[in-house]
2 protein chains.
Amino acid sequence: MSKPKIGFIGLGIMGKPMAGHLIDAGYELVVHNRNRDAVDELVGKGAAEAYSGKEVAEQSDILITMLPDSPDVESVVLGEGGIIEGAHDGLIFVDMSTIAPSVTTQVGEVLAKKGVQSLDAPVSGGDIGAQNATLSIMVGGDEDTFNTVKPLFDVMGQSAILCGPLGAGQTVKACNQILVAVTIAGVSEALTMGTKAGVDPIKVVQVLSGGLARCGVLENRGERMVNGDFDPGFRIRLHYKDLNIIQKTSNDFGVPLPVTSEVFELFKTAMVKGRGELDHSGLLTIIEDMSNIQARTGQ
Amino acid sequence: MSKPKIGFIGLGIMGKPMAGHLIDAGYELVVHNRNRDAVDELVGKGAAEAYSGKEVAEQSDILITMLPDSPDVESVVLGEGGIIEGAHDGLIFVDMSTIAPSVTTQVGEVLAKKGVQSLDAPVSGGDIGAQNATLSIMVGGDEDTFNTVKPLFDVMGQSAILCGPLGAGQTVKACNQILVAVTIAGVSEALTMGTKAGVDPIKVVQVLSGGLARCGVLENRGERMVNGDFDPGFRIRLHYKDLNIIQKTSNDFGVPLPVTSEVFELFKTAMVKGRGELDHSGLLTIIEDMSNIQARTGQ
């Protein structure tokens with residue numbers, strides 16, 4: 001079987017390196033993006049250019065989107081000149097954006113009427129993961145379609161797990177972002193308690209890393225948090241976007257989230273204070289502010 | 001140098017096996033406890049019995065206490081017939097209970113006037129850790145005293161870390177219990193979101209364990225939480241006790257804890273609902289109740 005022709009829409013900080021890996025792996029790509037520079041770069045690597053979602057859809061067997069948020073996906077798929085206008089029987093639509101699960105299923109239903117199979121496949125691992133092809137990919141959809149697209153996921157990431165039907169990838173991504181945000185808040189409160197009680201917070205990181213309190217946040221970021229190094233990484237403003245999705249999703253499904261909603265308000269505080277470009281571990285500075293510890297970021 | 005003579009007060013579910021390990025390691029022990037059965041058992045292994053804190057103190061070089069809560073420590077040390085009455089120059093007092101850091105420093109100051117050196121040395125690892133001598137021990141006090149007692153810590157636990165001056169062990173333990181409680185809440189909300197959105201929560205455990213959301217709670221307890229197995233482990237009522245200490249400590253040191261206090265209210269809810277004997281991961285049942293998912297504990 002010859003390789004499928006791949007469409008790729010959304011060549012931002014994530015999408016551009018992901019599309020690049022597919023070209024490097026020998027796939028024929030047709031790309032579209034609002035920003036010209038990324039298009040030129042990929043055309044220089046051998047991609048073809050298309051001038052609308054419709055054109056990309058017409059020329060593709062598998063169409064991947066990597067867009068900022070729910071409204072972008074709705075617009076690129078369902079808007080004027082959108083993917084829906086070039087949709088054809090047998091097309092596979094793979095949305096790798098992180099958006100609301102309800103938007104995923106709604107867009108998938110419209111596309112299904114044109115004979116399009118959809119997968120949602122949000123990722124974790126950030127821009128570094130996209131560059132190094134070490135993303136974790138959480139997939140929703142049917143198993144046959146997943147197996148068809150799996151070789152592409154293997155080019156772009158280090159793991160791709162089918163989590164359930166369409167929307168399940170977004171749901172699991174939401175669960176992931178809940179736990180990461182809550183863990184960051186827990187580490188921040190623990191470190192602030194240690195600091196104000198006169199214990200060297202590095203001791204707190206060391207001791208807590210050895211027991212039941214151990215976590216990825218402490219391991220990847222604990223020392224840097226103590227040193228006030230909030231170089232991103234994954235930015236507060238992006239996690240705040242994800243928490244907005246989580247809030248909407250928890251409303252849709254009827255899931256009170258008492259702790260996550262408190263953490264959401266703290267992320268909102270960080271946004272209000274102009275700290276959206278810090279790594280999300282910079283939530284520590286908000287907890288420190290509350291304790292009247294001078295923020296170590298100079299913000 | 002001959003081995004120091006060890007006093008041990010508080011032979012409960014933790015203290016009894018800890019004292020047993022010291023006897024097995026060849027130390028001479030004098031013990032005291034309100035409950036006779038544990039005393040008889042240790043006397044059967046070769047310990048001497050004393051009838052008050054005063055008597056234990058008179059006969060010991062190093063005196064260890066392992067008691068339920070702050071008031072117990074205050075009473076055993078400062079009450080009638082207490083340790084203070086038998087305190088002598090050169091005695092080392094090692095409190096391994098988990099109590100408020102402010103009580104630790106206050107008791108330490110009184111004992112210091114009698115020439116007693118104090119360490120606080122709360123543990124994590126639970127009754128299993130006490131039985132298997134795999135406790136993690138968080139120590140506050142001066143370095144010479146720590147080094148003197150270190151061989152005993154090595155008999156009872158797998159690691160002992162000097163965290164700072166007297167009280168620092170309690171502070172780090174409080175930080176640990178903050179992060180564990182908050183992580184349990186985060187895992188609970190993530191699993192509940194997955195369940196209500198129709199994703200198999202085992203998939204949530206699997207996927208989240210592979211990334212930044214990974215944590216000891218998910219690793220040790222994730223699958224059991226999904227299966228509704230809340231066999232303790234560390235009980236909700238004990239973590240609730242620790243959260244009360246944390247609340248007091250955060251008041252003492254001026255540390256607002258917006259997320260931990262929300263988690264505290266959820267633990268309180270679990271207590272009110274009569275779930276104090278579940279493992280602390282049973283907090284999941286409270287989040288499930290809120291989402292109107294039938295609790296899988298039959299409670």
# chains A, B, ... in the order shown; residues from 1 in each chain; ligands from 1
>>> interface_residues(of="chain A", to="chain B", cutoff="6 Å", atoms="only C-alpha atoms", output="list of chain:residue names")
A:Val172, A:Cys175, A:Asn176, A:Leu179, A:Val180, A:Val182, A:Thr183, A:Gly186, A:Ala190, A:Val204, A:Leu208, A:Leu212, A:Ala213, A:Arg214, A:Cys215, A:Gly216, A:Val255, A:Ser291
>>> select_by_dssp(residues="region 74-294 of chain B", states="strand (DSSP E)", output="number ranges by chain")
B: 92-95, 117-120, 123-124, 135-140, 157-164
>>> write_last_selection(atoms="C-alpha atoms", output="tab-separated table (two decimals), in the first residue's frame")
chain	number	residue	atom	x	y	z
B	92	ILE	CA	18.12	13.09	74.55
B	93	PHE	CA	14.39	13.36	73.88
B	94	VAL	CA	13.23	12.14	70.44
B	95	ASP	CA	9.57	12.73	69.64
B	117	GLN	CA	18.51	17.90	73.96
B	118	SER	CA	15.43	17.39	71.78
B	119	LEU	CA	14.84	16.09	68.27
B	120	ASP	CA	11.53	15.94	66.44
B	123	VAL	CA	7.83	9.49	60.06
B	124	SER	CA	6.04	8.54	56.90
B	135	LEU	CA	10.00	4.37	57.50
B	136	SER	CA	11.17	7.72	56.15
B	137	ILE	CA	12.17	9.85	59.11
B	138	MET	CA	12.15	13.67	58.95
B	139	VAL	CA	14.30	15.13	61.68
B	140	GLY	CA	14.63	18.56	63.30
B	157	GLY	CA	13.62	3.24	59.07
B	158	GLN	CA	15.20	3.27	55.66
B	159	SER	CA	16.08	6.97	55.59
B	160	ALA	CA	16.54	9.73	58.15
B	161	ILE	CA	17.13	13.27	56.90
B	162	LEU	CA	18.05	16.24	59.09
B	163	CYS	CA	15.76	19.00	57.79
B	164	GLY	CA	16.77	21.90	60.03
>>> select_by_dssp(residues="region 79-257 of chain B", states="alpha helix (DSSP H)", output="JSON, numbers by chain")
{"B": [83, 84, 85, 86, 101, 102, 103, 104, 105, 106, 107, 108, 109, 110, 111, 112, 126, 127, 128, 129, 130, 131, 132, 143, 144, 145, 146, 147, 148, 149, 150, 151, 152, 153, 154, 155, 156, 168, 169, 170, 171, 172, 173, 174, 175, 176, 177, 178, 179, 180, 181, 182, 183, 184, 185, 186, 187, 188, 189, 190, 191, 192, 193, 194, 195, 196, 201, 202, 203, 204, 205, 206, 207, 208, 216, 217, 218, 219, 220, 221, 222, 223, 224, 225, 226, 236, 237, 238, 239, 240, 241, 242, 243, 244, 245, 246, 247, 248, 249, 250, 251, 252, 253]}
>>> residues_around(residues="region 79-86 of chain A", least_positions_apart="6", cutoff="8 Å", atoms="only C-alpha atoms", output="number ranges by chain")
A: 52-58, 111, 114
>>> residues_around(residues="Gly126 (chain B)", least_positions_apart="4", cutoff="8 Å", atoms="only C-alpha atoms", output="ChimeraX atom specification")
/B:14,130,135,233-234
>>> residues_around(residues="Ser60 (chain A)", least_positions_apart="5", cutoff="10 Å", atoms="only C-alpha atoms", output="PyMOL selection string")
chain A and resi 4-8+28-31+55+86-88+90-93
>>> write_last_selection(atoms="N, CA, C and O atoms", output="PDB file, in the first residue's frame")
ATOM      1  N   PRO A   4      -0.351   7.167   2.490  1.00  0.00           N
ATOM      2  CA  PRO A   4      -1.455   8.112   2.313  1.00  0.00           C
ATOM      3  C   PRO A   4      -0.922   9.534   2.161  1.00  0.00           C
ATOM      4  O   PRO A   4       0.161   9.864   2.654  1.00  0.00           O
ATOM      5  N   LYS A   5      -1.678  10.357   1.470  1.00  0.00           N
ATOM      6  CA  LYS A   5      -1.320  11.766   1.324  1.00  0.00           C
ATOM      7  C   LYS A   5      -1.877  12.521   2.539  1.00  0.00           C
ATOM      8  O   LYS A   5      -3.042  12.361   2.898  1.00  0.00           O
ATOM      9  N   ILE A   6      -1.018  13.318   3.141  1.00  0.00           N
ATOM     10  CA  ILE A   6      -1.347  13.954   4.419  1.00  0.00           C
ATOM     11  C   ILE A   6      -1.608  15.443   4.236  1.00  0.00           C
ATOM     12  O   ILE A   6      -0.770  16.148   3.660  1.00  0.00           O
ATOM     13  N   GLY A   7      -2.745  15.923   4.744  1.00  0.00           N
ATOM     14  CA  GLY A   7      -2.976  17.358   4.860  1.00  0.00           C
ATOM     15  C   GLY A   7      -2.629  17.812   6.269  1.00  0.00           C
ATOM     16  O   GLY A   7      -2.793  17.056   7.233  1.00  0.00           O
ATOM     17  N   PHE A   8      -2.085  19.038   6.399  1.00  0.00           N
ATOM     18  CA  PHE A   8      -1.735  19.527   7.738  1.00  0.00           C
ATOM     19  C   PHE A   8      -2.102  21.000   7.832  1.00  0.00           C
ATOM     20  O   PHE A   8      -1.589  21.823   7.067  1.00  0.00           O
ATOM     21  N   GLU A  28       4.029  12.536   1.770  1.00  0.00           N
ATOM     22  CA  GLU A  28       3.718  13.665   0.909  1.00  0.00           C
ATOM     23  C   GLU A  28       2.727  14.565   1.658  1.00  0.00           C
ATOM     24  O   GLU A  28       1.671  14.100   2.079  1.00  0.00           O
ATOM     25  N   LEU A  29       3.089  15.835   1.839  1.00  0.00           N
ATOM     26  CA  LEU A  29       2.254  16.726   2.642  1.00  0.00           C
ATOM     27  C   LEU A  29       1.691  17.885   1.833  1.00  0.00           C
ATOM     28  O   LEU A  29       2.397  18.445   0.979  1.00  0.00           O
ATOM     29  N   VAL A  30       0.452  18.240   2.147  1.00  0.00           N
ATOM     30  CA  VAL A  30      -0.104  19.495   1.655  1.00  0.00           C
ATOM     31  C   VAL A  30      -0.506  20.305   2.889  1.00  0.00           C
ATOM     32  O   VAL A  30      -1.195  19.802   3.781  1.00  0.00           O
ATOM     33  N   VAL A  31       0.002  21.544   2.948  1.00  0.00           N
ATOM     34  CA  VAL A  31      -0.128  22.308   4.192  1.00  0.00           C
ATOM     35  C   VAL A  31      -0.868  23.622   3.980  1.00  0.00           C
ATOM     36  O   VAL A  31      -0.907  24.168   2.880  1.00  0.00           O
ATOM     37  N   GLU A  55      -9.359  23.107   0.118  1.00  0.00           N
ATOM     38  CA  GLU A  55      -8.347  22.570  -0.798  1.00  0.00           C
ATOM     39  C   GLU A  55      -7.519  21.463  -0.161  1.00  0.00           C
ATOM     40  O   GLU A  55      -7.208  20.451  -0.794  1.00  0.00           O
ATOM     41  N   GLY A  86     -14.510  20.486   1.391  1.00  0.00           N
ATOM     42  CA  GLY A  86     -13.689  19.593   0.561  1.00  0.00           C
ATOM     43  C   GLY A  86     -13.720  18.156   1.070  1.00  0.00           C
ATOM     44  O   GLY A  86     -12.987  17.293   0.576  1.00  0.00           O
ATOM     45  N   ALA A  87     -14.587  17.915   2.072  1.00  0.00           N
ATOM     46  CA  ALA A  87     -14.648  16.576   2.684  1.00  0.00           C
ATOM     47  C   ALA A  87     -15.134  15.557   1.664  1.00  0.00           C
ATOM     48  O   ALA A  87     -16.002  15.857   0.851  1.00  0.00           O
ATOM     49  N   HIS A  88     -14.544  14.360   1.716  1.00  0.00           N
ATOM     50  CA  HIS A  88     -14.934  13.312   0.768  1.00  0.00           C
ATOM     51  C   HIS A  88     -14.945  11.971   1.496  1.00  0.00           C
ATOM     52  O   HIS A  88     -14.265  11.785   2.512  1.00  0.00           O
ATOM     53  N   GLY A  90     -14.184   8.590   2.879  1.00  0.00           N
ATOM     54  CA  GLY A  90     -12.906   7.922   3.130  1.00  0.00           C
ATOM     55  C   GLY A  90     -11.848   8.824   3.736  1.00  0.00           C
ATOM     56  O   GLY A  90     -10.815   8.348   4.215  1.00  0.00           O
ATOM     57  N   LEU A  91     -12.092  10.139   3.728  1.00  0.00           N
ATOM     58  CA  LEU A  91     -11.140  11.053   4.388  1.00  0.00           C
ATOM     59  C   LEU A  91     -11.103  10.753   5.888  1.00  0.00           C
ATOM     60  O   LEU A  91     -12.139  10.479   6.505  1.00  0.00           O
ATOM     61  N   ILE A  92      -9.897  10.781   6.457  1.00  0.00           N
ATOM     62  CA  ILE A  92      -9.753  10.665   7.918  1.00  0.00           C
ATOM     63  C   ILE A  92      -9.322  12.022   8.465  1.00  0.00           C
ATOM     64  O   ILE A  92      -8.322  12.588   8.004  1.00  0.00           O
ATOM     65  N   PHE A  93     -10.089  12.518   9.420  1.00  0.00           N
ATOM     66  CA  PHE A  93      -9.797  13.815  10.040  1.00  0.00           C
ATOM     67  C   PHE A  93      -9.228  13.568  11.440  1.00  0.00           C
ATOM     68  O   PHE A  93      -9.856  12.911  12.267  1.00  0.00           O
TER      69      PHE A  93
END
>>> closest_residue(among="B:Ala50, B:Ala112, B:Leu63, B:Leu278", to="Leu152 (chain B)", atoms="only C-alpha atoms")
B:Leu63
>>> atom_distance(atom1="CA of Glu41 (chain B)", atom2="CA of Tyr27 (chain B)")
16.1 Å
